[in-house]
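Step one of this worksheet: look at the structure below.
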Amino acid sequence: MERSLILLKPDCVQRRLIGRIISRFEDKGLNIVGMKLMQITPDLAKQHYAEHVAKPFYPGLEAFITASPVVAMVLEGLEAIRVIRDILGATSGLKAAAGTIRGDFSSSRQMNLVHASDGPEAAAREIKLYFTDAELCDCTLSL
Ligand code: CMP
């Protein structure tokens, strides 16, 4: 089993797409083990996007990601990190394939609706930025 940190970004929340996007993850069989609506601060944005802070697009990215609340989630499943990135599609909504979340709902590189961890180390680091251990549930199938 793998876990990944997902952010439903401000554009996703403002466009009232939360339910439709979460349905895609649930339909695939991924389990939600943590979830909250929260405001990202500039400080948290710099920690989260540490690898991008020096890039020219970072000021715009920080302004966007801190503009209004996001939904932070931890999803769990077999090969979850790759499976989720496949469901999302390419970073830019303009390049993402039809049938992916970004391909179907985004026409922007920055406002691409959802962030997902890009590997196991990033997932471990990002999950700790957003959730305490006590906020994560064991959702082992019992029904
Ligand atoms: P995300 O998966 O959250 O990881 C980094 C984010 O930076 C990315 O999604 C986009 O929102 C944004 N991003 C990446 N490349 C660019 C770019 N060239 N211009 C503007 N935003 C970008």
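All residue names refer to the structure tokens as shown: chains lettered A, B, ... in order, residues numbered from 1 in each chain, ligands numbered from 1 in order.
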(message) Excluding Leu75 of chain A and its own-chain neighbours fewer than 2 positions away, which residues fall within 9 Å of it when counting only C-alpha atoms? Please give them as a list of chain:residue names.
(response) A:Glu2, A:Arg3, A:Ser4, A:Leu5, A:Ile6, A:Phe25, A:Leu30, A:Asn31, A:Ile32, A:Val33, A:Gly34, A:Met35, A:Met73, A:Gly77, A:Ala80, A:Ile81, A:Ile84
(request) May I have the residues within 7 Å of ligand 1, computed using only C-alpha atoms and all ligand atoms, as a list in words? (result)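 Using only C-alpha atoms and all ligand atoms, I find these residues within 7 Å of ligand 1: Tyr49, Phe57, Leu61, Thr91, Arg109, Gln110, Met111, Asn112, Val114, His115 and Ala116 of chain A.
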Restrict the selected residues to N, CA and C atoms and save them as a JSON list (two decimals), in the first residue's frame.
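Full text of result33.json as output:
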[["chain", "number", "residue", "atom", "x", "y", "z"],
["A", 49, "TYR", "N", 6.46, 23.86, -1.77],
["A", 49, "TYR", "CA", 7.03, 24.01, -3.11],
["A", 49, "TYR", "C", 8.50, 24.43, -3.05],
["A", 57, "PHE", "N", 8.13, 31.28, -12.07],
["A", 57, "PHE", "CA", 6.68, 31.20, -11.89],
["A", 57, "PHE", "C", 6.26, 31.10, -10.43],
["A", 61, "LEU", "N", 2.59, 31.25, -8.43],
["A", 61, "LEU", "CA", 2.12, 29.99, -7.84],
["A", 61, "LEU", "C", 1.74, 30.21, -6.38],
["A", 91, "THR", "N", 0.92, 17.91, -16.22],
["A", 91, "THR", "CA", 0.83, 19.11, -15.36],
["A", 91, "THR", "C", -0.06, 20.19, -15.98],
["A", 109, "ARG", "N", -1.72, 25.85, -17.01],
["A", 109, "ARG", "CA", -0.56, 25.17, -16.44],
["A", 109, "ARG", "C", -0.53, 25.38, -14.93],
["A", 110, "GLN", "N", -0.89, 26.58, -14.51],
["A", 110, "GLN", "CA", -0.86, 26.90, -13.07],
["A", 110, "GLN", "C", -2.12, 26.44, -12.37],
["A", 111, "MET", "N", -3.27, 26.77, -12.92],
["A", 111, "MET", "CA", -4.54, 26.40, -12.30],
["A", 111, "MET", "C", -4.94, 25.02, -12.82],
["A", 112, "ASN", "N", -4.20, 24.03, -12.31],
["A", 112, "ASN", "CA", -4.39, 22.66, -12.80],
["A", 112, "ASN", "C", -5.16, 21.79, -11.81],
["A", 114, "VAL", "N", -5.44, 20.12, -9.15],
["A", 114, "VAL", "CA", -5.04, 19.14, -8.13],
["A", 114, "VAL", "C", -3.52, 19.01, -8.08],
["A", 115, "HIS", "N", -2.98, 18.95, -6.86],
["A", 115, "HIS", "CA", -1.58, 18.57, -6.68],
["A", 115, "HIS", "C", -1.54, 17.14, -6.16],
["A", 116, "ALA", "N", -0.58, 16.35, -6.61],
["A", 116, "ALA", "CA", -0.35, 15.01, -6.05],
["A", 116, "ALA", "C", 1.15, 14.78, -5.92]]
(message) Give me, as a ChimeraX atom specification, the residues of chain A that a backbone DSSP run labels strand (DSSP E).
(response) /A:2-8,31-38,70-77,114-116
Would you export the selected residues with C-alpha atoms as a short mmCIF file (atom, residue, chain, number, x, y, z; two decimals), in the first residue's frame, please?
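Below you can see result.cif, which holds the result:
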data_model
loop_
_atom_site.label_atom_id
_atom_site.label_comp_id
_atom_site.auth_asym_id
_atom_site.auth_seq_id
_atom_site.Cartn_x
_atom_site.Cartn_y
_atom_site.Cartn_z
CA GLU A 2 1.15 3.55 -0.77
CA ARG A 3 -0.02 6.95 0.43
CA SER A 4 0.01 10.25 -1.48
CA LEU A 5 -0.68 13.86 -0.48
CA ILE A 6 -3.38 15.46 -2.61
CA LEU A 7 -4.40 19.11 -2.68
CA LEU A 8 -7.63 20.16 -4.34
CA ASN A 31 -9.20 5.18 0.18
CA ILE A 32 -9.30 8.59 1.88
CA VAL A 33 -7.28 8.29 5.10
CA GLY A 34 -7.15 12.02 5.92
CA MET A 35 -9.00 15.11 4.68
CA LYS A 36 -9.49 18.78 5.64
CA LEU A 37 -10.46 22.16 4.20
CA MET A 38 -7.68 24.61 5.04
CA VAL A 70 -7.78 24.07 -0.48
CA VAL A 71 -8.85 20.54 0.42
CA ALA A 72 -5.85 18.56 1.65
CA MET A 73 -6.21 14.77 1.50
CA VAL A 74 -4.15 11.67 1.99
CA LEU A 75 -5.18 8.87 -0.36
CA GLU A 76 -4.10 5.28 0.05
CA GLY A 77 -4.03 2.37 -2.38
CA VAL A 114 -5.04 19.14 -8.13
CA HIS A 115 -1.58 18.57 -6.68
CA ALA A 116 -0.35 15.01 -6.05
#
(request) In Å, rounded to a single decimal, give me how far atom CA of Phe105 of chain A is from atom CA of Asp86 of chain A. (result)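 Computed distance, atom CA of Asp86 of chain A to atom CA of Phe105 of chain A, equals 14.8 Å.
Interatomic distance, atom CA of Leu113 of chain A against atom CA of Lys9 of chain A: 5.2 Å.
When only C-alpha atoms are used to compute distances to Thr66 of chain A, the closest of the residues A:Leu78, A:Leu88, A:Asp11, A:Glu51 turns out to be A:Asp11.
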